[in-house]
$ cat target_6.cif   # mmCIF, C-alpha atoms
data_data
#
loop_
_atom_site.label_atom_id
_atom_site.label_comp_id
_atom_site.auth_asym_id
_atom_site.auth_seq_id
_atom_site.Cartn_x
_atom_site.Cartn_y
_atom_site.Cartn_z
CA MET A 148 -11.27 -36.55 -4.67
CA ASP A 149 -9.79 -37.54 -1.32
CA LYS A 150 -10.38 -41.19 -2.24
CA LEU A 151 -7.84 -40.96 -5.06
CA ASN A 152 -4.44 -42.49 -4.37
CA LYS A 153 -1.29 -40.37 -4.44
CA ARG A 154 -0.42 -41.43 -7.97
CA ASP A 155 -3.81 -40.44 -9.39
CA LYS A 156 -3.70 -37.14 -7.52
CA LEU A 157 -0.32 -36.36 -9.09
CA ILE A 158 -1.70 -37.06 -12.57
CA HIS A 159 -4.65 -34.77 -11.84
CA ILE A 160 -2.39 -31.99 -10.53
CA HIS A 161 -0.16 -32.40 -13.57
CA HIS A 162 -3.11 -31.58 -15.82
CA CYS A 163 -3.88 -28.33 -14.02
CA ARG A 164 -2.87 -25.01 -15.53
CA GLY A 165 -0.74 -22.70 -13.42
CA ALA A 166 1.52 -25.34 -11.87
CA GLY A 167 4.91 -26.07 -13.41
CA TRP A 168 7.68 -28.43 -12.35
CA LYS A 169 8.87 -26.22 -9.47
CA THR A 170 5.37 -25.67 -8.10
CA ILE A 171 4.69 -29.39 -8.00
CA LYS A 172 8.01 -29.90 -6.21
CA LYS A 173 7.00 -27.32 -3.59
CA LEU A 174 3.66 -29.06 -3.22
CA LEU A 175 5.30 -32.45 -2.65
CA VAL A 176 7.62 -30.91 -0.06
CA HIS A 177 4.67 -29.23 1.69
CA ASP A 178 2.32 -32.21 1.39
CA PRO A 179 4.30 -35.39 0.46
CA GLU A 180 1.26 -37.65 0.41
CA LEU A 181 -0.94 -35.05 -1.36
CA LYS A 182 -3.54 -35.42 1.38
CA HIS A 183 -4.49 -31.75 1.67
CA ILE A 184 -4.35 -30.39 -1.88
CA TYR A 185 -8.13 -30.52 -2.49
CA HIS A 186 -8.76 -28.55 0.70
CA MET A 187 -6.36 -25.70 -0.11
CA SER A 188 -7.87 -22.33 -1.00
CA ILE A 189 -6.49 -19.94 -3.60
CA GLU A 190 -4.95 -17.98 -0.72
CA ASP A 191 -3.33 -21.18 0.62
CA LEU A 192 -1.83 -21.89 -2.80
CA CYS A 193 -0.32 -18.41 -2.88
CA THR A 194 0.97 -18.68 0.67
CA TYR A 195 2.36 -22.21 0.82
CA LEU A 196 3.37 -22.73 -2.81
CA GLN A 197 4.29 -19.10 -3.62
CA MET A 198 1.98 -19.18 -6.65
CA LEU A 199 1.07 -15.93 -8.35
CA PRO A 200 -2.62 -15.09 -7.80
CA HIS A 201 -3.67 -15.62 -11.44
CA HIS A 202 -1.78 -18.95 -11.55
CA ALA A 203 -3.38 -20.04 -8.29
CA LYS A 204 -6.85 -19.14 -9.63
CA VAL A 205 -6.62 -21.24 -12.82
CA PHE A 206 -4.94 -24.08 -10.92
CA PHE A 207 -7.77 -24.08 -8.37
CA GLU A 208 -10.37 -24.06 -11.16
CA ASP A 209 -8.81 -27.03 -12.95
CA LEU A 210 -8.26 -28.92 -9.71
CA HIS A 211 -11.99 -28.77 -8.93
CA GLN A 212 -13.50 -28.82 -12.42
CA LEU A 213 -11.43 -31.13 -14.64
CA ASP A 214 -13.20 -34.38 -15.44
CA MET A 215 -10.19 -36.67 -15.05
CA SER A 216 -12.26 -39.84 -15.26
CA THR A 217 -13.33 -38.99 -18.83
CA LEU A 218 -9.81 -37.94 -19.82
CA LEU A 219 -8.20 -41.10 -18.45
CA SER A 220 -10.78 -43.27 -20.20
CA GLU A 221 -9.96 -41.47 -23.46
CA TYR A 222 -6.25 -42.07 -22.95
CA GLU A 223 -6.78 -45.75 -22.24
CA LYS A 224 -8.97 -46.14 -25.33
CA ASP A 225 -6.26 -44.54 -27.45
CA GLY A 226 -3.47 -46.70 -26.06
CA ILE A 227 -1.77 -44.00 -24.00
CA PHE A 228 0.13 -45.23 -20.96
CA ILE A 229 1.01 -43.04 -17.98
CA ILE A 230 4.07 -43.43 -15.76
CA THR A 231 4.53 -41.26 -12.69
CA ILE A 232 7.67 -40.74 -10.68
CA PHE A 233 6.05 -42.89 -7.97
CA ASP A 234 5.88 -45.94 -10.28
CA HIS A 235 8.52 -48.68 -10.38
CA GLU A 236 8.33 -48.59 -14.21
CA TYR A 237 9.69 -45.03 -14.23
CA PRO A 238 12.88 -44.92 -16.37
CA SER A 239 15.84 -45.53 -14.08
CA HIS A 240 18.29 -43.34 -16.04
CA LEU A 241 15.82 -40.46 -16.07
CA LYS A 242 15.10 -40.66 -12.37
CA GLU A 243 18.75 -39.81 -11.66
CA ILE A 244 18.62 -36.29 -13.12
CA TYR A 245 18.03 -33.14 -11.09
CA ASP A 246 14.60 -32.32 -12.53
CA PRO A 247 12.93 -35.52 -13.75
CA PRO A 248 9.40 -35.16 -15.16
CA TRP A 249 6.74 -35.89 -12.55
CA VAL A 250 4.59 -37.67 -15.13
CA LEU A 251 5.30 -39.23 -18.52
CA TYR A 252 2.62 -39.95 -21.11
CA GLY A 253 3.49 -42.49 -23.77
CA MET A 254 2.36 -44.65 -26.66
CA GLY A 255 3.97 -47.87 -27.79
CA GLN A 256 6.29 -50.04 -25.73
CA PRO A 257 6.99 -48.61 -22.24
CA SER A 258 9.64 -51.27 -21.55
CA LEU A 259 12.00 -49.49 -23.98
CA LEU A 260 12.36 -46.64 -21.49
CA ASN A 261 14.21 -48.94 -19.12
CA HIS A 262 16.62 -50.48 -21.60
CA HIS A 263 20.15 -50.09 -20.30
CA ASN A 264 21.88 -49.49 -23.64
CA ILE A 265 20.36 -46.19 -24.73
CA LEU A 266 22.06 -43.52 -26.86
CA SER A 267 20.56 -40.11 -27.61
CA VAL A 268 21.14 -38.49 -30.99
CA VAL A 269 20.50 -34.83 -31.80
CA GLY A 270 21.52 -32.44 -34.55
CA THR A 271 20.57 -29.83 -37.08
CA ARG A 272 17.22 -29.70 -38.84
CA LYS A 273 19.04 -29.01 -42.11
CA PRO A 274 21.79 -31.62 -42.32
CA SER A 275 24.23 -31.97 -45.18
CA LYS A 276 24.40 -35.16 -47.22
CA LEU A 277 27.75 -35.83 -45.56
CA GLY A 278 26.17 -35.42 -42.13
CA LEU A 279 23.46 -37.96 -42.93
CA LEU A 280 26.01 -40.44 -44.31
CA SER A 281 28.17 -39.96 -41.21
CA LEU A 282 25.20 -40.60 -38.92
CA GLU A 283 24.36 -43.73 -40.90
CA LYS A 284 27.91 -45.02 -40.48
CA ILE A 285 28.03 -44.28 -36.75
CA LEU A 286 24.59 -45.68 -35.91
CA ALA A 287 24.72 -48.90 -37.95
CA PRO A 288 26.65 -50.90 -35.29
CA PHE A 289 24.30 -49.64 -32.55
CA VAL A 290 21.30 -50.77 -34.56
CA ASP A 291 22.94 -54.16 -35.22
CA ARG A 292 23.54 -54.55 -31.46
CA LYS A 293 19.91 -53.61 -30.71
CA TRP A 294 20.62 -50.40 -28.82
CA THR A 295 17.73 -48.04 -28.21
CA ILE A 296 18.15 -44.69 -29.96
CA VAL A 297 16.42 -41.67 -28.44
CA SER A 298 15.77 -38.42 -30.29
CA GLY A 299 13.26 -35.60 -30.59
CA LEU A 300 11.33 -36.39 -33.82
CA ALA A 301 12.49 -33.08 -35.34
CA LEU A 302 13.29 -32.65 -39.00
CA GLY A 303 16.82 -33.48 -40.10
CA ILE A 304 19.17 -35.47 -37.88
CA ASP A 305 16.52 -36.42 -35.31
CA GLY A 306 14.14 -37.90 -37.85
CA TYR A 307 16.92 -39.73 -39.67
CA ALA A 308 18.17 -41.22 -36.39
CA HIS A 309 14.67 -42.58 -35.76
CA GLN A 310 14.43 -43.93 -39.31
CA LEU A 311 17.77 -45.72 -39.03
CA SER A 312 16.72 -47.27 -35.72
CA LEU A 313 13.37 -48.71 -36.80
CA SER A 314 14.99 -52.15 -37.22
CA SER A 315 16.28 -51.93 -33.64
CA TYR A 316 14.56 -49.75 -31.00
CA THR A 317 13.81 -46.06 -30.92
CA VAL A 318 12.09 -43.60 -28.58
CA ALA A 319 10.78 -40.19 -29.66
CA VAL A 320 10.56 -37.48 -27.00
CA LEU A 321 7.96 -34.87 -27.97
CA GLY A 322 7.84 -31.17 -27.18
CA SER A 323 4.03 -31.38 -27.31
CA GLY A 324 1.27 -33.75 -26.24
CA LEU A 325 0.85 -37.13 -27.92
CA TYR A 326 -2.30 -35.97 -29.72
CA CYS A 327 -0.32 -33.13 -31.31
CA PRO A 328 2.94 -34.66 -32.64
CA TYR A 329 5.24 -32.15 -34.27
CA PRO A 330 6.32 -31.60 -37.02
CA ARG A 331 3.48 -32.60 -39.30
CA GLN A 332 5.95 -33.92 -41.87
CA HIS A 333 6.84 -36.70 -39.46
CA ARG A 334 3.31 -37.93 -38.81
CA ALA A 335 3.92 -41.19 -40.70
CA LEU A 336 7.20 -41.69 -38.82
CA PHE A 337 5.42 -40.99 -35.53
CA ASN A 338 2.81 -43.63 -36.38
CA LYS A 339 5.55 -46.19 -37.06
CA ILE A 340 7.25 -45.34 -33.79
CA ILE A 341 4.13 -45.70 -31.65
CA SER A 342 3.26 -48.94 -33.44
CA ASP A 343 6.51 -50.79 -32.74
CA HIS A 344 8.64 -48.55 -30.52
CA ALA A 345 7.73 -45.70 -28.15
CA ALA A 346 6.93 -41.99 -28.09
CA ILE A 347 6.73 -40.07 -24.81
CA SER A 348 6.00 -36.59 -23.54
CA GLU A 349 5.96 -34.88 -20.16
CA TYR A 350 2.98 -32.84 -21.35
CA PRO A 351 -0.64 -34.03 -21.11
CA PRO A 352 -1.77 -35.49 -24.45
CA HIS A 353 -3.85 -32.52 -25.65
CA THR A 354 -0.97 -30.02 -25.18
CA SER A 355 -0.14 -28.12 -28.37
CA PRO A 356 3.47 -27.55 -29.47
CA GLN A 357 5.01 -24.30 -28.23
CA LYS A 358 8.50 -23.01 -28.99
CA TRP A 359 9.63 -22.94 -25.36
CA ARG A 360 8.65 -26.57 -24.75
CA PHE A 361 11.31 -27.99 -27.06
CA PRO A 362 14.35 -26.81 -25.07
CA GLU A 363 12.55 -27.97 -21.92
CA ARG A 364 12.06 -31.51 -23.22
CA ASN A 365 15.76 -31.78 -24.20
CA ARG A 366 16.70 -32.76 -20.64
CA ILE A 367 14.54 -35.87 -21.12
CA ILE A 368 16.32 -36.82 -24.34
CA SER A 369 19.70 -36.68 -22.62
CA GLY A 370 18.39 -37.98 -19.29
CA LEU A 371 17.07 -41.24 -20.72
CA SER A 372 20.45 -42.25 -22.10
CA LEU A 373 24.01 -43.17 -21.19
CA GLY A 374 25.35 -40.54 -23.59
CA THR A 375 24.37 -38.04 -26.27
CA LEU A 376 25.76 -37.86 -29.80
CA VAL A 377 25.61 -34.47 -31.53
CA VAL A 378 25.71 -34.56 -35.33
CA GLU A 379 26.03 -31.21 -37.13
CA ALA A 380 24.95 -28.26 -35.00
CA LYS A 381 25.28 -24.55 -35.52
CA GLU A 382 26.95 -22.36 -32.92
CA ARG A 383 23.56 -21.50 -31.42
CA SER A 384 21.45 -24.59 -31.61
CA GLY A 385 18.87 -26.56 -29.67
CA SER A 386 21.20 -29.53 -29.98
CA LEU A 387 23.76 -27.70 -27.86
CA ILE A 388 21.09 -27.21 -25.18
CA THR A 389 20.71 -30.98 -25.10
CA ALA A 390 24.49 -31.37 -24.88
CA ASP A 391 24.60 -28.89 -21.97
CA GLN A 392 21.82 -30.80 -20.24
CA ALA A 393 23.72 -34.06 -20.69
CA LEU A 394 26.86 -32.56 -19.14
CA GLU A 395 24.86 -31.20 -16.20
CA GLN A 396 23.41 -34.68 -15.74
CA GLY A 397 26.88 -36.22 -15.66
CA ARG A 398 26.39 -38.01 -18.98
CA ASP A 399 28.89 -38.38 -21.80
CA VAL A 400 28.68 -36.08 -24.80
CA PHE A 401 30.01 -37.16 -28.20
CA ALA A 402 30.39 -34.95 -31.26
CA LEU A 403 31.17 -35.50 -34.93
CA PRO A 404 33.86 -33.05 -36.11
CA GLY A 405 33.48 -30.98 -39.26
CA SER A 406 35.09 -28.35 -41.43
CA ILE A 407 35.84 -24.99 -39.86
CA LEU A 408 34.20 -23.47 -42.95
CA ASP A 409 30.89 -25.25 -42.33
CA ASP A 410 28.31 -23.41 -40.18
CA ASN A 411 26.76 -26.78 -39.27
CA ALA A 412 30.06 -27.85 -37.71
CA LEU A 413 30.68 -24.77 -35.56
CA GLY A 414 28.61 -26.12 -32.67
CA THR A 415 30.04 -29.64 -32.72
CA ASN A 416 33.62 -28.38 -33.09
CA LYS A 417 33.14 -26.09 -30.11
CA LEU A 418 31.76 -28.99 -28.08
CA ILE A 419 34.93 -30.94 -28.86
CA GLN A 420 37.01 -27.90 -27.93
CA GLN A 421 35.17 -27.82 -24.60
CA GLY A 422 35.80 -31.50 -23.86
CA ALA A 423 33.21 -33.55 -25.73
CA LYS A 424 34.51 -36.84 -27.11
CA LEU A 425 35.48 -36.55 -30.77
CA VAL A 426 33.81 -39.36 -32.72
CA LEU A 427 35.26 -40.93 -35.84
CA SER A 428 33.56 -44.31 -35.52
CA SER A 429 30.97 -46.10 -33.42
CA GLU A 430 33.77 -47.70 -31.41
CA ASP A 431 34.68 -44.30 -29.99
CA ILE A 432 31.28 -44.25 -28.31
CA LEU A 433 30.99 -47.95 -27.47
CA ASN A 434 34.42 -48.01 -25.81
CA GLU A 435 33.47 -45.04 -23.64
CA LEU A 436 30.09 -46.46 -22.58
CA LYS A 437 31.07 -50.11 -22.04
CA PHE A 438 31.97 -49.38 -18.42
CA TYR A 439 28.40 -48.48 -17.51
#
$ encode --input "target_6.cif" --output "structure tokens"
Amino acid sequence: MDKLNKRDKLIHIHHCRGAGWKTIKKLLVHDPELKHIYHMSIEDLCTYLQMLPHHAKVFFEDLHQLDMSTLLSEYEKDGIFIITIFDHEYPSHLKEIYDPPWVLYGMGQPSLLNHHNILSVVGTRKPSKLGLLSLEKILAPFVDRKWTIVSGLALGIDGYAHQLSLSSYTVAVLGSGLYCPYPRQHRALFNKIISDHAAISEYPPHTSPQKWRFPERNRIISGLSLGTLVVEAKERSGSLITADQALEQGRDVFALPGSILDDNALGTNKLIQQGAKLVLSSEDILNELKFY
């Protein structure tokens, strides 16, 4: 194990249960070159990384028992690429955020992650016909200008944003591993995306979808892009989590206004009330982002 380079060690650690983003950060602070990790006992993990005993135990087991060689061969066979935060291919926009993923797993075209002109689009899973038509109107000029559109592959606005962008470029950010794309209804769309575009995840490929992973991945959706467009969102919505993440990352947030009688517009109208840019046309976004 000691013969592995730092990059490969990070990928191995990233596959181990019991270690989340903060634990890996502590590890890199304690051991920046990852020279000592394979010599640490369970007690060392608890002491130096403040891991809970049961987390330290499963982490230790995976660290010494996982057959990474077989896993990595499987990934390569299936066309999965891996980018770590140590690699020069790591997305430049994403690297700027407070908590960038340590490792990204992807399928498709990794170069899309470093396109400069990237816009994220999020919204309700149950859009109105008017919402879909509005999204189509706003996105058409971006597609014509070959922007890359990032979204989360969810039903509704996300999926339609990907569909509209298939003639340009699109990136799907999953809340699960690449072997378990969610939702099932978008399996055909996922296959199109990985064929000609890109799908990525911060979770190892065999990771199943879990409810808490979707809000966590939202920071990647916003972090990859210059700005985030919110199209139809209820007052309490995952889309608003993405908008909050974008604001924390210092990125622009754009919102389509709607009727005060429409539940799907409560979230977007509140975003505008709180300072998000009101969008009536694509030019409202393009004019704001042309300075970047």
$ resolve_selection --input "target_6.cif" --expression "the PyMOL selection byres ((chain A and resi 325) around 12)" --output "ChimeraX atom specification"
/A:222,225-229,251-255,319-324,326-330,334,337-338,340-341,345-356
$ residues_around --input "target_6.cif" --residues "Met215 (chain A)" --least-positions-apart "2" --cutoff "12 Å" --atoms "only C-alpha atoms" --output "short mmCIF file (atom, residue, chain, number, x, y, z; two decimals) with C-alpha atoms, keeping the file's coordinate frame"
data_model
loop_
_atom_site.label_atom_id
_atom_site.label_comp_id
_atom_site.auth_asym_id
_atom_site.auth_seq_id
_atom_site.Cartn_x
_atom_site.Cartn_y
_atom_site.Cartn_z
CA MET A 148 -11.27 -36.55 -4.67
CA LEU A 151 -7.84 -40.96 -5.06
CA ASP A 155 -3.81 -40.44 -9.39
CA LYS A 156 -3.70 -37.14 -7.52
CA LEU A 157 -0.32 -36.36 -9.09
CA ILE A 158 -1.70 -37.06 -12.57
CA HIS A 159 -4.65 -34.77 -11.84
CA ILE A 160 -2.39 -31.99 -10.53
CA HIS A 161 -0.16 -32.40 -13.57
CA HIS A 162 -3.11 -31.58 -15.82
CA CYS A 163 -3.88 -28.33 -14.02
CA ASP A 209 -8.81 -27.03 -12.95
CA LEU A 210 -8.26 -28.92 -9.71
CA HIS A 211 -11.99 -28.77 -8.93
CA GLN A 212 -13.50 -28.82 -12.42
CA LEU A 213 -11.43 -31.13 -14.64
CA THR A 217 -13.33 -38.99 -18.83
CA LEU A 218 -9.81 -37.94 -19.82
CA LEU A 219 -8.20 -41.10 -18.45
CA SER A 220 -10.78 -43.27 -20.20
CA GLU A 221 -9.96 -41.47 -23.46
CA TYR A 222 -6.25 -42.07 -22.95
CA PRO A 351 -0.64 -34.03 -21.11
#
$ closest_atom_pairs --input "target_6.cif" --of "region 258-298 of chain A" --to "region 237-249 of chain A" --cutoff "9 Å" --atoms "all atoms listed in the file" --output "tab-separated table"
residue	atom	partner	partner_atom	distance
A:Ser258	CA	A:Pro238	CA	8.8
A:Leu259	CA	A:Pro238	CA	8.9
A:Leu260	CA	A:Pro238	CA	5.4
A:Asn261	CA	A:Pro238	CA	5.0
A:His262	CA	A:Pro238	CA	8.5
A:His263	CA	A:His240	CA	8.2
$ resolve_selection --input "target_6.cif" --expression "the PyMOL selection byres ((chain A and resi 276) around 12)" --output "count of residues only"
16
$ resolve_selection --input "target_6.cif" --expression "the PyMOL selection byres ((chain A and resi 206) around 7)" --output "count of residues only"
12
$ residues_around --input "target_6.cif" --residues "His183 (chain A)" --least-positions-apart "3" --cutoff "12 Å" --atoms "only C-alpha atoms" --output "list in words"
Met148, Asp149, Lys150, Leu151, Lys153, Lys156, Leu174, Leu175, His177, Asp178, Pro179, Glu180, His186, Met187, Ser188, Asp191, Leu192 and Tyr195 of chain A
$ closest_residue --input "target_6.cif" --among "A:Thr375, A:Thr231, A:Ser386, A:Gln310" --to "Lys424 (chain A)" --atoms "only C-alpha atoms"
A:Thr375
